[in-house]
>>> print(open('start-v4.cif').read())   # mmCIF, C-alpha atoms and all ligand atoms
data_run
loop_
_atom_site.label_atom_id
_atom_site.label_comp_id
_atom_site.auth_asym_id
_atom_site.auth_seq_id
_atom_site.Cartn_x
_atom_site.Cartn_y
_atom_site.Cartn_z
CA MET A 1 98.74 16.52 25.79
CA ILE A 2 99.74 19.73 27.57
CA GLU A 3 97.44 20.85 30.37
CA ALA A 4 97.01 24.64 30.67
CA LEU A 5 93.89 24.85 32.81
CA ASP A 6 94.62 28.20 34.44
CA GLY A 7 93.04 30.37 31.75
CA LEU A 8 95.81 29.51 29.25
CA ARG A 9 98.17 31.55 31.46
CA ASP A 10 101.59 31.92 29.78
CA VAL A 11 100.57 29.53 26.97
CA ILE A 12 101.86 30.50 23.51
CA VAL A 13 99.36 29.50 20.81
CA CYS A 14 100.66 31.38 17.76
CA GLU A 15 103.47 33.54 16.43
CA THR A 16 102.95 37.20 15.55
CA ARG A 17 104.82 40.15 14.09
CA ILE A 18 102.24 42.67 15.29
CA SER A 19 103.14 43.46 18.89
CA ARG A 20 105.54 42.43 21.65
CA ILE A 21 105.03 42.58 25.41
CA ALA A 22 108.27 41.98 27.27
CA LEU A 23 110.05 42.63 30.55
CA VAL A 24 113.27 44.56 29.87
CA ASN A 25 115.49 45.62 32.80
CA GLY A 26 112.57 45.18 35.23
CA LYS A 27 110.24 47.41 33.16
CA ALA A 28 107.32 46.30 30.97
CA VAL A 29 107.88 47.05 27.29
CA LEU A 30 105.04 47.17 24.76
CA GLU A 31 105.98 47.54 21.09
CA TYR A 32 103.74 47.76 18.01
CA ARG A 33 105.65 46.31 15.01
CA GLY A 34 108.84 46.93 17.01
CA TYR A 35 108.11 50.58 17.95
CA ASP A 36 107.87 51.38 21.68
CA ILE A 37 104.39 52.48 22.77
CA ARG A 38 105.92 55.41 24.64
CA ASP A 39 107.39 56.80 21.40
CA LEU A 40 104.15 56.19 19.51
CA ALA A 41 102.05 57.87 22.22
CA LYS A 42 104.40 60.86 22.21
CA HIS A 43 105.07 61.34 18.48
CA SER A 44 102.44 59.43 16.47
CA CYS A 45 98.68 59.61 15.91
CA TYR A 46 95.97 56.98 15.70
CA GLU A 47 95.81 57.00 11.90
CA GLU A 48 99.57 56.44 11.68
CA VAL A 49 99.43 53.63 14.28
CA ALA A 50 96.53 51.96 12.44
CA TYR A 51 98.59 52.13 9.23
CA LEU A 52 101.62 50.69 11.07
CA LEU A 53 99.58 47.80 12.49
CA LEU A 54 97.96 46.99 9.13
CA TYR A 55 100.92 47.49 6.78
CA GLY A 56 103.79 46.66 9.16
CA GLU A 57 105.75 49.86 8.47
CA LEU A 58 105.47 53.53 9.45
CA PRO A 59 103.97 55.44 6.48
CA LYS A 60 105.87 58.04 4.49
CA LYS A 61 104.35 61.51 4.61
CA TYR A 62 102.29 61.07 1.42
CA GLU A 63 101.20 57.57 2.47
CA LEU A 64 99.86 58.91 5.77
CA GLN A 65 98.08 61.78 4.00
CA ASP A 66 96.47 59.32 1.56
CA PHE A 67 95.49 56.95 4.40
CA LYS A 68 93.89 59.77 6.39
CA ILE A 69 91.86 60.80 3.31
CA GLU A 70 90.84 57.18 2.64
CA LEU A 71 89.58 56.84 6.23
CA ALA A 72 87.78 60.19 6.16
CA GLU A 73 86.05 59.27 2.89
CA ARG A 74 84.73 56.06 4.51
CA ARG A 75 83.28 57.63 7.67
CA GLU A 76 79.65 57.87 6.55
CA ILE A 77 77.52 54.80 7.27
CA PRO A 78 74.83 53.24 5.06
CA PRO A 79 71.20 54.42 5.62
CA GLN A 80 70.27 50.85 6.56
CA ILE A 81 72.60 51.11 9.59
CA ILE A 82 71.12 54.48 10.59
CA GLY A 83 67.70 52.81 10.40
CA LEU A 84 68.95 50.03 12.68
CA LEU A 85 70.31 52.58 15.19
CA THR A 86 66.94 54.30 15.19
CA HIS A 87 64.93 51.11 15.79
CA LEU A 88 67.04 49.38 18.45
CA PRO A 89 65.47 49.69 21.94
CA GLN A 90 66.78 52.82 23.70
CA TYR A 91 68.08 50.70 26.61
CA THR A 92 70.37 48.70 24.26
CA HIS A 93 73.97 48.84 25.53
CA PRO A 94 76.14 50.73 23.01
CA MET A 95 78.43 47.70 22.67
CA VAL A 96 75.45 45.53 21.67
CA VAL A 97 74.58 48.27 19.18
CA LEU A 98 78.14 48.21 17.81
CA ARG A 99 78.24 44.40 17.60
CA THR A 100 74.88 44.32 15.81
CA SER A 101 75.82 47.15 13.45
CA ILE A 102 79.10 45.46 12.45
CA SER A 103 77.19 42.28 11.73
CA TYR A 104 74.70 44.26 9.62
CA LEU A 105 77.57 46.01 7.79
CA GLY A 106 78.84 42.56 6.87
CA SER A 107 75.48 41.57 5.40
CA LEU A 108 75.63 44.67 3.16
CA ASP A 109 79.11 43.77 1.84
CA LYS A 110 78.65 41.47 -1.18
CA LEU A 111 82.44 40.85 -1.13
CA LYS A 112 82.53 39.90 2.55
CA ASP A 113 84.02 36.45 1.86
CA LEU A 114 86.88 37.75 -0.33
CA LYS A 115 90.19 37.61 1.54
CA THR A 116 92.72 39.04 -0.91
CA LYS A 117 95.20 41.49 0.66
CA GLU A 118 93.48 44.37 -1.11
CA GLU A 119 90.03 43.26 0.04
CA ASN A 120 91.23 42.74 3.62
CA LEU A 121 92.70 46.25 3.68
CA GLU A 122 89.59 47.76 2.09
CA LYS A 123 87.34 46.14 4.73
CA SER A 124 89.79 47.23 7.45
CA LYS A 125 89.70 50.89 6.40
CA ASN A 126 85.93 50.74 6.22
CA LEU A 127 85.58 49.33 9.73
CA ILE A 128 88.15 51.68 11.30
CA ALA A 129 86.41 54.65 9.66
CA LYS A 130 82.80 53.68 10.37
CA ILE A 131 82.96 52.50 14.00
CA PRO A 132 83.27 56.06 15.43
CA THR A 133 80.28 57.16 13.33
CA ILE A 134 78.13 54.23 14.51
CA ILE A 135 78.94 55.06 18.14
CA ALA A 136 78.38 58.82 17.80
CA TYR A 137 75.18 58.45 15.78
CA TYR A 138 73.69 55.99 18.26
CA HIS A 139 74.45 58.33 21.12
CA ARG A 140 72.86 61.32 19.34
CA ILE A 141 69.78 59.24 18.44
CA ARG A 142 69.25 57.93 22.01
CA MET A 143 69.66 61.54 23.28
CA GLY A 144 66.99 62.69 20.81
CA LYS A 145 69.50 64.96 19.11
CA ASN A 146 70.14 65.60 15.40
CA LEU A 147 72.93 63.63 13.71
CA ILE A 148 76.20 65.48 13.13
CA PRO A 149 77.61 64.02 9.88
CA PRO A 150 81.34 63.24 9.82
CA THR A 151 83.70 65.83 8.36
CA LEU A 152 86.47 65.22 5.84
CA GLU A 153 88.79 67.78 7.39
CA LEU A 154 89.13 66.73 11.05
CA GLY A 155 91.42 63.92 12.22
CA HIS A 156 90.07 60.59 13.48
CA ALA A 157 89.84 61.54 17.17
CA ALA A 158 88.66 65.12 16.60
CA ASN A 159 86.00 64.02 14.11
CA PHE A 160 84.56 61.57 16.64
CA LEU A 161 84.30 64.23 19.36
CA TYR A 162 82.76 66.61 16.79
CA MET A 163 80.10 64.03 15.83
CA MET A 164 79.43 63.35 19.52
CA HIS A 165 79.18 66.90 20.83
CA GLY A 166 78.50 69.06 17.77
CA TYR A 167 81.57 71.26 18.12
CA GLU A 168 85.26 70.88 17.32
CA PRO A 169 87.24 69.72 20.39
CA SER A 170 90.08 71.71 21.95
CA LYS A 171 93.58 70.68 20.89
CA ILE A 172 94.13 69.18 24.38
CA ALA A 173 90.95 67.10 24.17
CA GLU A 174 91.77 65.94 20.63
CA LYS A 175 95.32 64.97 21.65
CA ALA A 176 94.06 63.16 24.77
CA LEU A 177 91.61 61.01 22.82
CA ASP A 178 94.13 60.40 20.07
CA VAL A 179 96.75 59.13 22.55
CA ASP A 180 94.09 57.05 24.32
CA LEU A 181 93.18 55.38 21.01
CA VAL A 182 96.87 54.73 20.28
CA LEU A 183 97.25 53.10 23.70
CA HIS A 184 94.17 50.91 23.18
CA ALA A 185 95.03 49.95 19.59
CA GLU A 186 96.82 46.66 20.18
CA HIS A 187 97.90 44.33 22.97
CA GLU A 188 99.02 40.96 21.59
CA LEU A 189 96.74 38.00 22.34
CA ASN A 190 94.25 39.51 24.81
CA ALA A 191 90.89 37.76 25.06
CA SER A 192 89.08 39.75 22.34
CA THR A 193 91.97 39.50 19.90
CA PHE A 194 92.23 35.77 20.59
CA ALA A 195 88.50 35.45 19.87
CA ALA A 196 89.05 37.23 16.56
CA ARG A 197 91.95 34.94 15.66
CA ILE A 198 89.97 31.81 16.53
CA ALA A 199 87.16 32.95 14.22
CA ALA A 200 89.71 33.87 11.52
CA SER A 201 91.35 30.45 11.85
CA THR A 202 88.09 28.88 10.60
CA LEU A 203 88.28 31.37 7.65
CA ALA A 204 85.12 33.12 8.83
CA ASP A 205 84.67 36.51 7.14
CA MET A 206 86.28 39.62 8.63
CA TYR A 207 82.98 41.00 9.96
CA ALA A 208 82.27 37.72 11.80
CA CYS A 209 85.75 37.89 13.36
CA VAL A 210 85.22 41.48 14.51
CA VAL A 211 81.78 40.61 15.92
CA ALA A 212 83.42 37.81 17.95
CA ALA A 213 86.02 40.25 19.26
CA THR A 214 83.44 42.93 20.05
CA GLY A 215 81.32 40.53 22.07
CA THR A 216 84.38 39.33 23.99
CA LEU A 217 85.66 42.82 24.77
CA MET A 218 82.41 43.72 26.51
CA GLY A 219 83.06 41.58 29.60
CA PRO A 220 83.94 43.46 32.83
CA LEU A 221 87.16 41.45 33.21
CA HIS A 222 88.28 42.85 29.85
CA GLY A 223 87.20 46.06 28.13
CA GLY A 224 84.10 46.47 30.27
CA ALA A 225 86.33 47.34 33.23
CA ALA A 226 86.57 51.08 32.46
CA GLN A 227 82.83 51.57 32.88
CA GLU A 228 83.07 49.70 36.21
CA VAL A 229 85.97 51.97 37.22
CA MET A 230 83.77 55.02 36.63
CA LYS A 231 81.04 53.42 38.76
CA MET A 232 83.66 52.99 41.50
CA LEU A 233 84.82 56.62 41.20
CA ARG A 234 81.22 57.78 41.58
CA GLU A 235 80.64 55.47 44.57
CA VAL A 236 83.82 56.70 46.30
CA ALA A 237 82.69 60.28 45.56
CA THR A 238 85.61 62.05 47.32
CA PRO A 239 89.38 61.34 47.56
CA GLY A 240 88.94 61.00 51.33
CA GLY A 241 86.48 58.15 50.86
CA ALA A 242 88.87 56.00 48.84
CA ASP A 243 90.83 54.24 51.54
CA GLU A 244 87.86 52.76 53.43
CA TYR A 245 86.12 51.85 50.17
CA VAL A 246 89.16 49.95 48.89
CA ARG A 247 89.81 48.25 52.24
CA LYS A 248 86.21 47.05 52.56
CA LYS A 249 86.06 45.83 48.95
CA LEU A 250 89.26 43.84 49.31
CA GLU A 251 88.24 42.46 52.71
CA LYS A 252 85.09 41.09 51.01
CA GLY A 253 87.35 39.41 48.42
CA GLU A 254 85.92 41.59 45.65
CA ARG A 255 87.90 42.72 42.59
CA LEU A 256 88.96 46.35 42.14
CA MET A 257 88.11 47.13 38.54
CA GLY A 258 90.99 48.69 36.60
CA PHE A 259 93.64 46.89 38.63
CA GLY A 260 95.70 43.82 38.01
CA HIS A 261 96.63 42.15 34.74
CA ARG A 262 97.28 38.65 33.44
CA ILE A 263 100.70 39.68 32.10
CA TYR A 264 101.78 42.73 34.12
CA LYS A 265 102.28 41.07 37.48
CA SER A 266 103.96 43.37 40.08
CA ILE A 267 105.00 45.70 37.24
CA ILE A 268 102.80 48.53 36.04
CA ASP A 269 101.04 48.40 32.67
CA PRO A 270 103.09 50.89 30.61
CA ARG A 271 99.88 52.25 29.12
CA ALA A 272 98.53 53.07 32.59
CA GLU A 273 101.56 55.28 33.25
CA ILE A 274 100.91 57.31 30.09
CA LEU A 275 97.15 57.45 30.70
CA ARG A 276 97.82 58.72 34.24
CA GLU A 277 99.72 61.70 32.76
CA LEU A 278 96.90 62.23 30.27
CA ALA A 279 94.27 62.12 33.03
CA ARG A 280 96.29 64.61 35.09
CA ASP A 281 96.60 67.03 32.16
CA LEU A 282 92.88 66.83 31.37
CA ALA A 283 92.03 67.31 35.05
CA LYS A 284 93.80 70.70 34.93
CA ILE A 285 91.26 71.96 32.38
CA GLY A 286 88.30 69.78 33.36
CA ASN A 287 86.87 68.17 36.47
CA ARG A 288 89.78 67.51 38.84
CA ILE A 289 87.75 65.25 41.13
CA TRP A 290 87.89 62.08 39.03
CA PHE A 291 91.67 62.15 38.76
CA GLU A 292 92.08 62.94 42.47
CA ILE A 293 89.80 60.06 43.46
CA SER A 294 91.70 57.79 41.04
CA GLU A 295 95.01 58.70 42.66
CA ALA A 296 93.60 58.01 46.15
CA ILE A 297 92.21 54.62 45.08
CA ALA A 298 95.49 53.64 43.40
CA GLU A 299 97.43 54.50 46.56
CA SER A 300 95.15 52.34 48.74
CA ALA A 301 95.02 49.48 46.22
CA TYR A 302 98.80 49.27 46.36
CA LYS A 303 98.92 49.72 50.13
CA TYR A 304 96.49 46.88 50.88
CA LYS A 305 97.24 44.37 48.09
CA LYS A 306 100.14 45.68 45.98
CA LEU A 307 97.68 46.08 43.10
CA LEU A 308 98.74 48.22 40.17
CA PRO A 309 96.45 50.02 37.70
CA ASN A 310 95.94 48.64 34.19
CA VAL A 311 94.97 50.37 30.95
CA ASP A 312 91.33 50.68 32.02
CA PHE A 313 91.89 52.52 35.30
CA TYR A 314 92.91 56.05 34.27
CA SER A 315 90.94 55.74 31.01
CA ALA A 316 87.82 56.33 33.09
CA SER A 317 88.80 59.84 34.23
CA VAL A 318 90.12 60.64 30.73
CA TYR A 319 86.78 59.74 29.14
CA ALA A 320 84.80 61.50 31.87
CA ASN A 321 86.74 64.69 31.16
CA LEU A 322 86.03 64.28 27.45
CA ASN A 323 82.31 64.20 28.30
CA ILE A 324 81.95 60.61 27.12
CA PRO A 325 79.02 58.85 28.86
CA ASP A 326 80.04 55.95 31.12
CA ASP A 327 78.34 53.26 29.02
CA LEU A 328 80.36 54.34 25.98
CA PHE A 329 83.73 53.69 27.65
CA VAL A 330 84.06 50.16 26.29
CA ASN A 331 83.06 51.46 22.84
CA MET A 332 86.06 53.80 23.08
CA PHE A 333 88.20 50.76 23.76
CA ALA A 334 86.76 49.06 20.65
CA MET A 335 87.34 52.24 18.60
CA GLY A 336 91.03 51.93 19.41
CA ARG A 337 91.40 48.14 19.37
CA ILE A 338 89.74 47.64 15.97
CA ALA A 339 93.12 48.29 14.31
CA GLY A 340 94.81 45.55 16.34
CA TRP A 341 91.97 43.11 15.81
CA LEU A 342 92.11 43.63 12.04
CA ALA A 343 95.89 43.23 11.90
CA HIS A 344 95.60 39.93 13.79
CA ILE A 345 92.70 38.69 11.63
CA ILE A 346 94.76 39.38 8.46
CA GLU A 347 97.85 37.76 9.99
CA GLN A 348 95.78 34.70 10.92
CA TYR A 349 94.36 34.45 7.39
CA GLU A 350 97.87 34.66 5.94
CA THR A 351 99.50 32.08 8.21
CA ASN A 352 96.48 30.03 9.02
CA LYS A 353 96.28 26.89 11.15
CA LEU A 354 92.89 26.10 12.67
CA LEU A 355 92.97 26.99 16.39
CA ARG A 356 91.39 24.00 18.11
CA PRO A 357 92.63 23.10 21.64
CA ARG A 358 91.35 20.14 23.67
CA ALA A 359 89.33 19.97 26.89
CA LYS A 360 90.09 17.57 29.73
CA TYR A 361 86.93 15.53 30.38
CA ILE A 362 86.15 15.26 34.11
CA GLY A 363 82.56 13.98 33.92
CA GLU A 364 81.12 10.41 34.21
CA THR A 365 81.88 7.91 31.44
CA GLU A 366 80.39 4.76 29.83
CA ARG A 367 76.93 5.30 31.28
CA LYS A 368 74.11 2.82 30.31
CA TYR A 369 71.11 4.41 28.48
CA VAL A 370 67.86 4.07 30.52
CA PRO A 371 64.59 4.09 28.52
CA LEU A 372 62.30 7.03 29.33
CA ASP A 373 59.54 4.92 30.98
CA GLN A 374 62.14 3.45 33.37
CA ARG A 375 63.64 6.73 34.67
C1 LIG A 401 92.20 44.49 29.95
O1 LIG A 401 94.94 40.70 28.39
C2 LIG A 401 95.02 41.91 28.03
O2 LIG A 401 95.96 42.35 27.41
C3 LIG A 401 93.81 42.77 28.40
C4 LIG A 401 94.00 44.26 28.19
C5 LIG A 401 94.13 44.59 26.74
O3 LIG A 401 94.77 45.59 26.43
O4 LIG A 401 93.47 43.91 25.92
O5 LIG A 401 95.13 44.70 28.89
C6 LIG A 401 92.78 45.02 28.69
O6 LIG A 401 91.32 43.67 29.89
C7 LIG A 401 92.75 44.95 31.26
C8 LIG A 401 92.10 44.21 32.49
C9 LIG A 401 90.76 44.88 32.77
N1 LIG A 401 90.05 44.12 33.83
C10 LIG A 401 89.99 44.56 35.09
O7 LIG A 401 90.50 45.60 35.47
C11 LIG A 401 89.18 43.67 36.02
C12 LIG A 401 89.88 43.52 37.36
N2 LIG A 401 91.11 42.75 37.17
C13 LIG A 401 91.11 41.36 37.58
O8 LIG A 401 89.88 40.70 37.46
C14 LIG A 401 92.34 40.59 37.10
O9 LIG A 401 93.44 41.34 37.43
C15 LIG A 401 92.44 40.18 35.66
C16 LIG A 401 91.24 39.46 35.19
C17 LIG A 401 92.69 41.36 34.79
C18 LIG A 401 93.67 39.24 35.55
O10 LIG A 401 93.36 38.16 36.29
P1 LIG A 401 94.37 36.91 36.44
O11 LIG A 401 95.64 37.09 35.69
O12 LIG A 401 93.57 35.70 36.15
O13 LIG A 401 94.77 37.02 37.96
P2 LIG A 401 94.05 36.23 39.10
O14 LIG A 401 92.56 36.43 38.94
O15 LIG A 401 94.58 34.85 39.12
O16 LIG A 401 94.52 37.05 40.38
C19 LIG A 401 95.81 36.77 40.95
C20 LIG A 401 95.73 37.35 42.37
C21 LIG A 401 94.49 36.88 43.11
O17 LIG A 401 94.80 36.92 44.50
P3 LIG A 401 94.53 35.61 45.36
O18 LIG A 401 93.04 35.34 45.21
O19 LIG A 401 95.41 34.51 44.71
O20 LIG A 401 94.97 36.02 46.74
O21 LIG A 401 95.60 38.77 42.31
C22 LIG A 401 94.33 39.18 42.85
C23 LIG A 401 93.46 37.95 42.86
O22 LIG A 401 92.51 38.03 43.92
N3 LIG A 401 93.78 40.18 41.98
C24 LIG A 401 92.94 41.14 42.36
C25 LIG A 401 92.70 41.88 41.22
N4 LIG A 401 93.37 41.37 40.18
C26 LIG A 401 94.03 40.30 40.65
N5 LIG A 401 92.39 41.40 43.56
C27 LIG A 401 91.57 42.47 43.60
N6 LIG A 401 91.30 43.25 42.55
C28 LIG A 401 91.84 42.99 41.34
N7 LIG A 401 91.56 43.77 40.31
#
>>> encode(input="start-v4.cif", output="structure tokens")
Amino acid sequence: MIEALDGLRDVIVCETRISRIALVNGKAVLEYRGYDIRDLAKHSCYEEVAYLLLYGELPKKYELQDFKIELAERREIPPQIIGLLTHLPQYTHPMVVLRTSISYLGSLDKLKDLKTKEENLEKSKNLIAKIPTIIAYYHRIRMGKNLIPPTLELGHAANFLYMMHGYEPSKIAEKALDVDLVLHAEHELNASTFAARIAASTLADMYACVVAATGTLMGPLHGGAAQEVMKMLREVATPGGADEYVRKKLEKGERLMGFGHRIYKSIIDPRAEILRELARDLAKIGNRIWFEISEAIAESAYKYKKLLPNVDFYSASVYANLNIPDDLFVNMFAMGRIAGWLAHIIEQYETNKLLRPRAKYIGETERKYVPLDQR
């Protein structure tokens, strides 16, 4: 028996060809199917990255065009789901809405248990295409606004912003969200992806695996951190207020949301570096304050505890400048990560071994049963 009681830290539980996180010459490297995330963020788009994660290769021009059309054609959601969005209590967290909607989508798919390559890819395209619509529709419904149906013409990121706000986004806003989705698309065996793989290792259907991942992502130590970062930015309120806020929080032994990482220890999350540039560019055309407060917090976090930002930290000011409500930040994370989850679910199906670790029992043993009337 191997004991790995510290949150499975540095424990390898499976092999993958989907992504690599490595330390090369003192810098963190993140690659999707062997391609550096910096190149993908600079030259690719979310649809191309989703194709890469699912098929394992960059698409040729016609393959990407076909894939984009296939996703666009699958954006509309069934009327039963719209009915669900209308009847859920208005206070329902958007991630609970997403989790419930994905589960309902599964109940509408008569082929949900089929796991042929074609079926897996068909379900994957459906989920990648429909998740933005579910999120945007729920937001419009809870705001009492009319639904903006998806277009066939706009790209994945632009279409989401169009459905959310009712107008086509600027090129800068579209590019910012697109890069953000690329950066959130995949990250090896993070908690939500691991949850998906565990469910897939029992051969549960794809929807069940994605529901497991969605529920796991919601926690504040994982994808829920970005919403907590925004709460922190609002509490700090001005760049000048950052230093005392950070010092007091750390003195109380509290966690700074958006900082630290299980893998990136004393090296910065490569995604955070790219998101910082994105946040700075958006700040030039939007509300500068969130980026300026973020910079002040990051400086103090490093000064007091050598803490470095992770993928969730600068995402907050990016989303704020895209007019995304705070409680939708983790949904944005899911909108990106769905491609990685699906790639891992398919990989698990194809190379399956049931994932079933052990637990070390530390309770009492061999206890004598005492009849009820003698207790
Ligand atoms: C994501 O795994 C992934 O890949 C996840 C992710 C992905 O793409 O899927 O990258 C996305 O989830 C990013 C992380 C988002 N969560 C947060 O920002 C929440 C705040 N971060 C921390 O809770 C923490 O950094 C974790 C949970 C992310 C990692 O925790 P670890 O690896 O278990 O580290 P630890 O708790 O053992 O901390 C080690 C030390 C401790 O100091 P000591 O108590 O030993 O003195 O670092 C300190 C911690 O106190 N520390 C922090 C801190 N993170 C670590 N102190 C203050 N604030 C923090 N954020």
>>> atom_distance(input="start-v4.cif", atom1="atom C25 of ligand LIG 401 (chain A)", atom2="CA of Glu15 in chain A")
28.3 Å
>>> atom_distance(input="start-v4.cif", atom1="CA of Pro59 in chain A", atom2="CA of Asp180 in chain A")
20.5 Å
>>> residues_near_ligand(input="start-v4.cif", ligand="ligand LIG 401 (chain A)", cutoff="9 Å", atoms="all atoms listed in the file", output="count of residues only")
53
>>> closest_residue(input="start-v4.cif", among="A:Met230, A:Pro357, A:Ile324, A:Gln374", to="Leu8 in chain A", atoms="all atoms listed in the file")
A:Pro357
>>> residues_around(input="start-v4.cif", residues="Tyr207 in chain A", least_positions_apart="5", cutoff="8 Å", atoms="all atoms listed in the file", output="list in words")
Ile102, Ser103, Leu105, Gly106 and Lys112 of chain A
>>> write_last_selection(input="start-v4.cif", atoms="C-alpha atoms", output="PDB file, keeping the file's coordinate frame")
ATOM      1  CA  ILE A 102      79.100  45.460  12.450  1.00  0.00           C
ATOM      2  CA  SER A 103      77.190  42.280  11.730  1.00  0.00           C
ATOM      3  CA  LEU A 105      77.570  46.010   7.790  1.00  0.00           C
ATOM      4  CA  GLY A 106      78.840  42.560   6.870  1.00  0.00           C
ATOM      5  CA  LYS A 112      82.530  39.900   2.550  1.00  0.00           C
TER       6      LYS A 112
END
>>> build_atoms(input="start-v4.cif", residues="range 256-270 of chain A", atoms="N, CA, C and O atoms", output="compact mmCIF listing (two decimals), in the coordinates of the input")
# COMPACT_ATOMS: atom_id res chain seq x y z
N LEU A 256 88.92 44.91 42.43
CA LEU A 256 88.96 46.35 42.14
C LEU A 256 89.10 46.49 40.63
O LEU A 256 90.12 46.10 40.05
N MET A 257 88.06 47.01 39.99
CA MET A 257 88.11 47.13 38.54
C MET A 257 89.19 48.14 38.13
O MET A 257 89.37 49.17 38.77
N GLY A 258 89.91 47.80 37.06
CA GLY A 258 90.99 48.69 36.60
C GLY A 258 92.33 48.37 37.20
O GLY A 258 93.32 49.04 36.94
N PHE A 259 92.36 47.29 38.01
CA PHE A 259 93.64 46.89 38.63
C PHE A 259 93.97 45.45 38.29
O PHE A 259 93.09 44.64 38.04
N GLY A 260 95.24 45.17 38.28
CA GLY A 260 95.70 43.82 38.01
C GLY A 260 95.74 43.53 36.53
O GLY A 260 95.12 44.22 35.73
N HIS A 261 96.50 42.51 36.16
CA HIS A 261 96.63 42.15 34.74
C HIS A 261 97.22 40.75 34.64
O HIS A 261 98.05 40.35 35.44
N ARG A 262 96.80 40.01 33.62
CA ARG A 262 97.28 38.65 33.44
C ARG A 262 98.79 38.65 33.16
O ARG A 262 99.48 37.72 33.53
N ILE A 263 99.28 39.68 32.46
CA ILE A 263 100.70 39.68 32.10
C ILE A 263 101.52 40.59 33.01
O ILE A 263 102.59 40.24 33.49
N TYR A 264 101.02 41.79 33.31
CA TYR A 264 101.78 42.73 34.12
C TYR A 264 101.59 42.39 35.59
O TYR A 264 100.71 42.93 36.26
N LYS A 265 102.37 41.45 36.05
CA LYS A 265 102.28 41.07 37.48
C LYS A 265 103.39 41.80 38.23
O LYS A 265 104.54 41.71 37.86
N SER A 266 103.04 42.57 39.23
CA SER A 266 103.96 43.37 40.08
C SER A 266 104.82 44.34 39.26
O SER A 266 105.80 44.87 39.73
N ILE A 267 104.43 44.58 38.01
CA ILE A 267 105.00 45.70 37.24
C ILE A 267 103.82 46.44 36.60
O ILE A 267 102.82 45.83 36.24
N ILE A 268 103.97 47.76 36.51
CA ILE A 268 102.80 48.53 36.04
C ILE A 268 102.63 48.42 34.52
O ILE A 268 103.62 48.34 33.77
N ASP A 269 101.41 48.36 34.08
CA ASP A 269 101.04 48.40 32.67
C ASP A 269 101.58 49.71 32.09
O ASP A 269 101.20 50.79 32.55
N PRO A 270 102.49 49.64 31.11
CA PRO A 270 103.09 50.89 30.61
C PRO A 270 102.06 51.88 30.08
O PRO A 270 102.27 53.09 30.13
